[in-house]
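The structure appears right after this line, and notes come after that.
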Amino acid sequence: MEVIVRKLIGIDIGGTFTDFVTYDPASNKIDNWKNLTTPSEPIKGVMQGLEKMDNLESVEKARLGTTIATNALLTRGGANVAYITTTGFRDIPFIQRGNRKAHYDITWIKTRPFVERENCLEIEGRITASGEEWAPLNEDAVRELAEKIRQNGTIEAIAICTLFSYVDAKHEQRIRDILAEELPDMPLSISYDVLPKWKEYDRASTTIADAYLKPVVAENFRKMQARFDENGLGKKIGVIKSNGGEATLASAADSPVQMALSGPTGAVVATRIMSELTGIKNLVVFDMGGTSTDCSTVVDSQEQVTTDFEIEWGIPIQIPMIDINTIGAGGGSIAWIDKGGMLRMGPQSASADPGPACYGRGGQDATVTDANVVLGRISPDNFLGGEMALDSDASHAAVGRIADELGMKVDECAYAMVQIANNNMLGALRAVLLQRGLDPRDFTLVASGGAGPVHVCDLMDISGIPQGLVPNFPGQFSAFGFIMTDARVDRHRTVQQASNFFDGERATAAMAELVKDAIKELNDQGYTDRIEVTRSIEARYLGQNHELELNFNGEEFNDETIEKMWEDFHKQHEARHGFAIPGETIETVNFKVVAVAVSDKPVMPELPKTDGKLTPKSKRQVRFKDDWHEAAVYDRSKLRQGDEIAGPALVEESASVTILQPDQRIVVDRIGNLIISA
């Protein structure tokens with residue numbers, strides 16, 4: 001028997017399922033499957049899933065997305081951190097910002113930072129805003145702090161953030177070197193490596209988060225590396241960062257804050273690829289899994305990257321990451337009744353253990369998945385392509401208990417559960433569209449995750465988004481995105497200069513250093529070919545508080561490129577804000593460099609054209625908003641290019657099912673995407 005050689009594999013560790021996608025460039029074949037996640041030991045579920053592959057030795061590259069860092073931040077399961085800073089600034093993590101989450105709530109309390117105040121330590125020495133040494137570093141005091149930390153016995157990592165280190169990092173670097181001598185096994189994070197940008201609190205918060213994650217991520221990645229070494233994937237494994245790029249496990253462990261949103265990025269990368277393949281410029285990602293829903297946008301065929309991210313309100317993590325809004329709404333979201341007698345959904349989740357009631361693993365709570373089983377939307381006999389039978393009676397019993405409390409019929413309660421979950425997810429869609437000034441009518445809704453296609457038509461109906469798209473293997477879409485991604489390094493640094501006294505040589509040197517550092521990191525990870533570099537500058541009119549980002553296409557700042565930079569700023573300011581001020585002083589704030597090692601992408605094969613003979617494989621009763629309907633059931637693997645399906649209908653596949661309302665229709669495009677319209 002001929003062994004199928006699979007060169008690329010993407011692995012997405014979710015809260016409920018771990019997803020796998022493999023691509024064989026020789027045969028242009030893509031395979032996909034799922035395995036239940038093992039929350040207590042994620043690598044165990046990965047290894048179980050890999051057992052389904054015939055020949056691991058043939059894998060050339062494996063890419064992994066994980067929520068280890070995300071979960072550590074969300075559950076506050078990180079390390080006990082010591083924070084070292086300049087004398088007089090130990091309270092920066094607690095003062096935070098001047099704004100409030102609730103302006104008129106006198107009971108509101110600021111979010112607690114990832115460090116205890118008793119572990120915030122000060123050191124003598126001061127660099128000024130111009131980079132001058134106003135007071136020398138007291139190295140003896142640093143050694144005394146090291147001894148204090150050693151005597152404490154509870155500190156697991158150290159974050160170092162001194163005043164104006166983004167201008168001159170010599171104090172931070174010296175503190176790091178001394179502590180490395182005195183405490184050789186202690187994980188250390190310095191702000192110049194993590195976030196060499198201005199805004200003291202943002203820089204401190206991000207550096208503390210990096211230290212907070214280091215022991216947790218390093219230990220998990222060490223275990224993963226050992227298990228991957230055992231099966232021959234050790235040198236082939238890469239991990240996906242929050243910016244959608246790839247890094248080695250060792251590199252990611254050194255900078256774990258870059259992993260804050262690792263898992264959800266794959267669906268966004270895959271959606272950008274879909275934009276290029278279909279010609280649809282504006283898409284909004286709706287990635288609904290078992291535990292959470294992630295929403296993001298692709299505008300003009302580009303994913304949106306941000307540094308304005310908060311893991312909790314008031315706790316910023318300012319590293320470059322794909323702009324994703326995540327809420328606790330998924331197939332495993334649990335139904336409950338609040339004190340006012342109102343039905344609520346989530347954010348609590350049944351996750352993979354025990355899972356929804358229909359999984360038959362001991363779960364008793366009614367979930368979104370159970371409601372969809374009751375409504376006939378999910379077939380108990382075709383879940384995961386029939387590999388996992390669902391207990392329909394358990395779903396009816398679980399939903400029935402909620403229905404009895406509310407005095408509703410079981411199907412009415414199940415439909416109400418689904419609609420409440422839909423409205424929760426509508427809030428996430430609005431956050432990435434309306435709150436960003438984007439018109440939903442200009443977008444196509446991309447449904448991914450195992451539960452995304454189940455709810456996509458409902459979301460189109462209530463969001464005003466006119467068109468939907470269900471890609472191939474939506475249940476493993478993030479894992480598919482991982483095999484499409486490239487290695488990527490982002491480098492940012494604050495370089496403040498005014499247009500009336502702009503030093504081109506200083507600017508050129510700063511940008512060149514960022515480029516050099518970014519390329520070196522790629523080279524250290526083994527990427528030396530096809531490296532593409534883009535440069536940009538964040539600038540503003542002097543006195544403004546927010547910057548605009550300008551692309552900078554040159555390699556040096558000379559009279560010509562500098563003049564064009566100012567012209568571009570005026571044009572962009574007028575386009576964004578409706579006015580420009582020619583002659584007004586402009587200030588550069590941050591320089592940004594992105595280096596990408598471009599990799600070959602899988603080729604999506606075209607489907608054969610329709611023969612006009614599409615027939616459903618069966619029919620079943622499905623509950624929609626008005627009543628029960630007899631819906632035609634189609635097998636997605638039998639669809640051809642140009643096939644059309646009118647609702648009410650269901651399109652089943654191994655890891656999901658697309659629900660089509662009575663007034664909607666599907667057209668199959670050339671590569672198999674399901675295009676939905678009213």
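By convention in this document, the chains of the structure tokens carry letters A, B, ... by their order, each chain's residues are numbered from 1, and ligands are numbered from 1 in the order they are shown.
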Within 12 Å of Ile420 (chain A), counting only C-alpha atoms, which residues show up once you throw out same-chain ones fewer than 4 positions away? Write them as a list in words, please. Ala329, Gly330, Ser333, Ile334, Ala335, Trp336, Met342, Leu343, Arg344, Met345, Gly346, Pro347, Thr367, Val368, Ala371, Cys413, Ala414, Tyr415, Ala416, Asn424, Met425, Leu426, Gly427, His455, Asp458, Leu459 and Ile462 of chain A
Output the selection as an mmCIF file, in the first residue's frame - C-alpha atoms for each residue.
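And here's out.cif as it stands now:
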```cif
data_model
loop_
_atom_site.group_PDB
_atom_site.id
_atom_site.type_symbol
_atom_site.label_atom_id
_atom_site.label_comp_id
_atom_site.auth_asym_id
_atom_site.auth_seq_id
_atom_site.Cartn_x
_atom_site.Cartn_y
_atom_site.Cartn_z
ATOM 1 C CA ALA A 329 -19.864 31.888 23.508
ATOM 2 C CA GLY A 330 -19.510 28.494 21.859
ATOM 3 C CA SER A 333 -21.939 27.506 26.432
ATOM 4 C CA ILE A 334 -24.227 26.544 29.324
ATOM 5 C CA ALA A 335 -27.833 27.719 29.741
ATOM 6 C CA TRP A 336 -28.783 29.138 33.134
ATOM 7 C CA MET A 342 -34.291 35.349 32.719
ATOM 8 C CA LEU A 343 -32.648 32.754 30.477
ATOM 9 C CA ARG A 344 -28.930 33.350 29.972
ATOM 10 C CA MET A 345 -26.234 31.605 27.903
ATOM 11 C CA GLY A 346 -22.586 31.315 28.987
ATOM 12 C CA PRO A 347 -19.905 32.439 29.321
ATOM 13 C CA THR A 367 -25.661 23.811 26.104
ATOM 14 C CA VAL A 368 -25.947 25.446 22.677
ATOM 15 C CA ALA A 371 -30.254 22.999 21.798
ATOM 16 C CA CYS A 413 -36.684 26.777 24.981
ATOM 17 C CA ALA A 414 -34.046 25.322 22.657
ATOM 18 C CA TYR A 415 -34.787 27.971 20.030
ATOM 19 C CA ALA A 416 -34.609 30.711 22.700
ATOM 20 C CA ASN A 424 -24.221 37.414 22.400
ATOM 21 C CA MET A 425 -22.160 36.774 19.282
ATOM 22 C CA LEU A 426 -23.784 39.717 17.489
ATOM 23 C CA GLY A 427 -22.131 41.941 20.089
ATOM 24 C CA HIS A 455 -25.209 29.785 13.210
ATOM 25 C CA ASP A 458 -28.908 33.381 11.869
ATOM 26 C CA LEU A 459 -26.094 35.901 12.298
ATOM 27 C CA ILE A 462 -29.736 39.821 12.609
#
```
Non-local contacts of Leu195 (chain A) (8 Å; only C-alpha atoms; under 5 positions in same chain excluded) as an MDAnalysis selection string: chainID A and resid 203 206:207 318:319 492:493
I need the chosen residues saved as a PDB file, in the first residue's frame, with N, CA, C and O atoms.
```
ATOM      1  N   ARG A 203       4.099  50.016  28.833  1.00  0.00           N
ATOM      2  CA  ARG A 203       5.368  49.279  28.763  1.00  0.00           C
ATOM      3  C   ARG A 203       5.541  48.395  30.002  1.00  0.00           C
ATOM      4  O   ARG A 203       5.937  47.222  29.899  1.00  0.00           O
ATOM      5  N   THR A 206       2.975  45.372  29.934  1.00  0.00           N
ATOM      6  CA  THR A 206       3.329  44.348  28.958  1.00  0.00           C
ATOM      7  C   THR A 206       4.529  43.534  29.429  1.00  0.00           C
ATOM      8  O   THR A 206       4.575  42.307  29.266  1.00  0.00           O
ATOM      9  N   THR A 207       5.512  44.205  30.031  1.00  0.00           N
ATOM     10  CA  THR A 207       6.703  43.507  30.532  1.00  0.00           C
ATOM     11  C   THR A 207       6.345  42.591  31.697  1.00  0.00           C
ATOM     12  O   THR A 207       6.841  41.455  31.786  1.00  0.00           O
ATOM     13  N   GLN A 318       0.674  45.411  24.871  1.00  0.00           N
ATOM     14  CA  GLN A 318       0.838  46.235  23.686  1.00  0.00           C
ATOM     15  C   GLN A 318       1.756  45.632  22.624  1.00  0.00           C
ATOM     16  O   GLN A 318       2.473  46.351  21.942  1.00  0.00           O
ATOM     17  N   ILE A 319       1.737  44.311  22.492  1.00  0.00           N
ATOM     18  CA  ILE A 319       2.546  43.695  21.439  1.00  0.00           C
ATOM     19  C   ILE A 319       1.707  43.598  20.160  1.00  0.00           C
ATOM     20  O   ILE A 319       0.473  43.587  20.225  1.00  0.00           O
ATOM     21  N   HIS A 492       9.129  47.156  17.018  1.00  0.00           N
ATOM     22  CA  HIS A 492       8.682  48.533  17.217  1.00  0.00           C
ATOM     23  C   HIS A 492       9.666  49.260  18.125  1.00  0.00           C
ATOM     24  O   HIS A 492      10.286  48.639  18.999  1.00  0.00           O
ATOM     25  N   ARG A 493       9.801  50.568  17.952  1.00  0.00           N
ATOM     26  CA  ARG A 493      10.618  51.361  18.873  1.00  0.00           C
ATOM     27  C   ARG A 493      10.189  52.820  18.798  1.00  0.00           C
ATOM     28  O   ARG A 493       9.898  53.337  17.719  1.00  0.00           O
TER      29      ARG A 493
END
```
Which neighbours of Lys613 (chain A) fall inside 12 Å, counting only C-alpha atoms, when residues of the same chain fewer than 6 positions from it are skipped, and could you give them as a VMD selection string? chain A and resid 638 to 640 642 to 645
All strand (DSSP E or B) positions in region 278-465 of chain A, as a ChimeraX atom specification: /A:283-288,293-299,302-303,305-306,310-312,315-316,321-322,325-327,333-337,343-349,367,444-448
I want to know what sits within 8 Å of Ala270 (chain A), based on only C-alpha atoms, with residues of the same chain fewer than 3 positions away left out; could you give that as a PyMOL selection string? chain A and resi 266-267+273-274+477-478+480-482+484
When you look at region 325-328 of chain A with a cut-off of 8 Å (counting only C-alpha atoms), what residues show up, excluding the ones that are within fewer than 4 positions of it in the same chain? I need them as a ChimeraX atom specification. /A:291-296,333,346-349,425,428,431-432
With C-alpha atoms retained, could you export that selection as a PDB file, in the first residue's frame?
```pdb
ATOM      1  CA  THR A 291     -15.837  27.258  24.174  1.00  0.00           C
ATOM      2  CA  SER A 292     -15.524  30.703  22.596  1.00  0.00           C
ATOM      3  CA  THR A 293     -16.252  32.790  19.510  1.00  0.00           C
ATOM      4  CA  ASP A 294     -13.556  34.905  17.839  1.00  0.00           C
ATOM      5  CA  CYS A 295     -14.381  37.743  15.452  1.00  0.00           C
ATOM      6  CA  SER A 296     -12.025  39.767  13.274  1.00  0.00           C
ATOM      7  CA  SER A 333     -21.939  27.506  26.432  1.00  0.00           C
ATOM      8  CA  GLY A 346     -22.586  31.315  28.987  1.00  0.00           C
ATOM      9  CA  PRO A 347     -19.905  32.439  29.321  1.00  0.00           C
ATOM     10  CA  GLN A 348     -19.488  29.272  31.395  1.00  0.00           C
ATOM     11  CA  SER A 349     -18.711  26.331  29.135  1.00  0.00           C
ATOM     12  CA  MET A 425     -22.160  36.774  19.282  1.00  0.00           C
ATOM     13  CA  ALA A 428     -18.721  40.556  19.096  1.00  0.00           C
ATOM     14  CA  ALA A 431     -17.313  45.309  18.135  1.00  0.00           C
ATOM     15  CA  VAL A 432     -15.142  44.591  15.073  1.00  0.00           C
TER      16      VAL A 432
END
```
